[in-house]
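In what follows, a single structure is set out as structure tokens and then discussed.
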Amino acid sequence: MSNKILRKLFLGFIQVHILYHAYKEPFFGSWMMEELKEHGYNIGPGTLYPILHSMEKEGLLVREDKLINGKIRKYYSITKEGIEALKEAKKRAKELYEEIFK
């Protein structure tokens with residue numbers, strides 16, 4: 001499999017992972033980087049924040065800036081559209097998993 005295809009595939013996995021955690025509770029970027037690292041995705045802020053911003057532009061996430069210990073921290077939450085996208089992604093991932101691991 002070419003690196004380009006793998007990169008697109010992993011980007012999709014990362015986005016579903018982000019939606020899943022945003023559904024559970026609001027999160028901030030550095031926490032998400034650590035969470036993704038635990039699953040083998042070593043991405044930095046230069047990769048994560050453009051993903052978050054694009055998901056925000058697409059209406060999947062909404063950002064809220066909070067002042068924490070004198071610093072602005074950006075928290076991301078899922079939107080109704082994001083919930084629908086997550087449901088569809090889970091459904092399709094389950095169908096694919098069941099097909100390829102029979």
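Naming works like this for the structure tokens: A, B, ... for the chains as they're shown, residue 1 at the start of each chain, ligands 1 onward in shown order.
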
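For stretch 11-18 of chain A, the non-local neighbours within 7 Å, defined as residues at least 4 positions apart in the same chain or in other chains and counting only C-alpha atoms, are A:Arg7, A:Ala22, A:Leu86.
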
Serialized selection, all heavy atoms, as a compact mmCIF listing (two decimals), in the first residue's frame:
# COMPACT_ATOMS: atom_id res chain seq x y z
N ARG A 7 -1.60 7.35 4.56
CA ARG A 7 -1.77 8.66 5.21
C ARG A 7 -3.23 9.08 5.23
O ARG A 7 -3.74 9.54 6.25
CB ARG A 7 -0.91 9.71 4.50
CG ARG A 7 -0.98 11.08 5.14
CD ARG A 7 0.10 12.00 4.57
NE ARG A 7 -0.09 13.36 4.93
CZ ARG A 7 0.19 13.89 6.12
NH1 ARG A 7 0.68 13.12 7.07
NH2 ARG A 7 -0.02 15.16 6.37
N ALA A 22 -14.64 13.91 21.43
CA ALA A 22 -15.45 15.14 21.54
C ALA A 22 -16.88 14.79 21.95
O ALA A 22 -17.54 15.57 22.63
CB ALA A 22 -15.45 15.90 20.21
N LEU A 86 -20.17 10.74 13.26
CA LEU A 86 -19.60 9.69 14.10
C LEU A 86 -20.43 8.41 14.02
O LEU A 86 -19.90 7.32 13.86
CB LEU A 86 -19.47 10.16 15.55
CG LEU A 86 -18.93 9.13 16.55
CD1 LEU A 86 -17.53 8.67 16.17
CD2 LEU A 86 -18.96 9.73 17.96

Long-range neighbours of stretch 61-71 of chain A as a count of residues only, 10 Å cut-off, only C-alpha atoms, 3 positions minimum in chain: 24

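In this comparison, which uses only C-alpha atoms, the residue of A:Tyr20, A:Met33, A:Leu48, A:Lys4 approaching A:Glu88 most closely is A:Tyr20.
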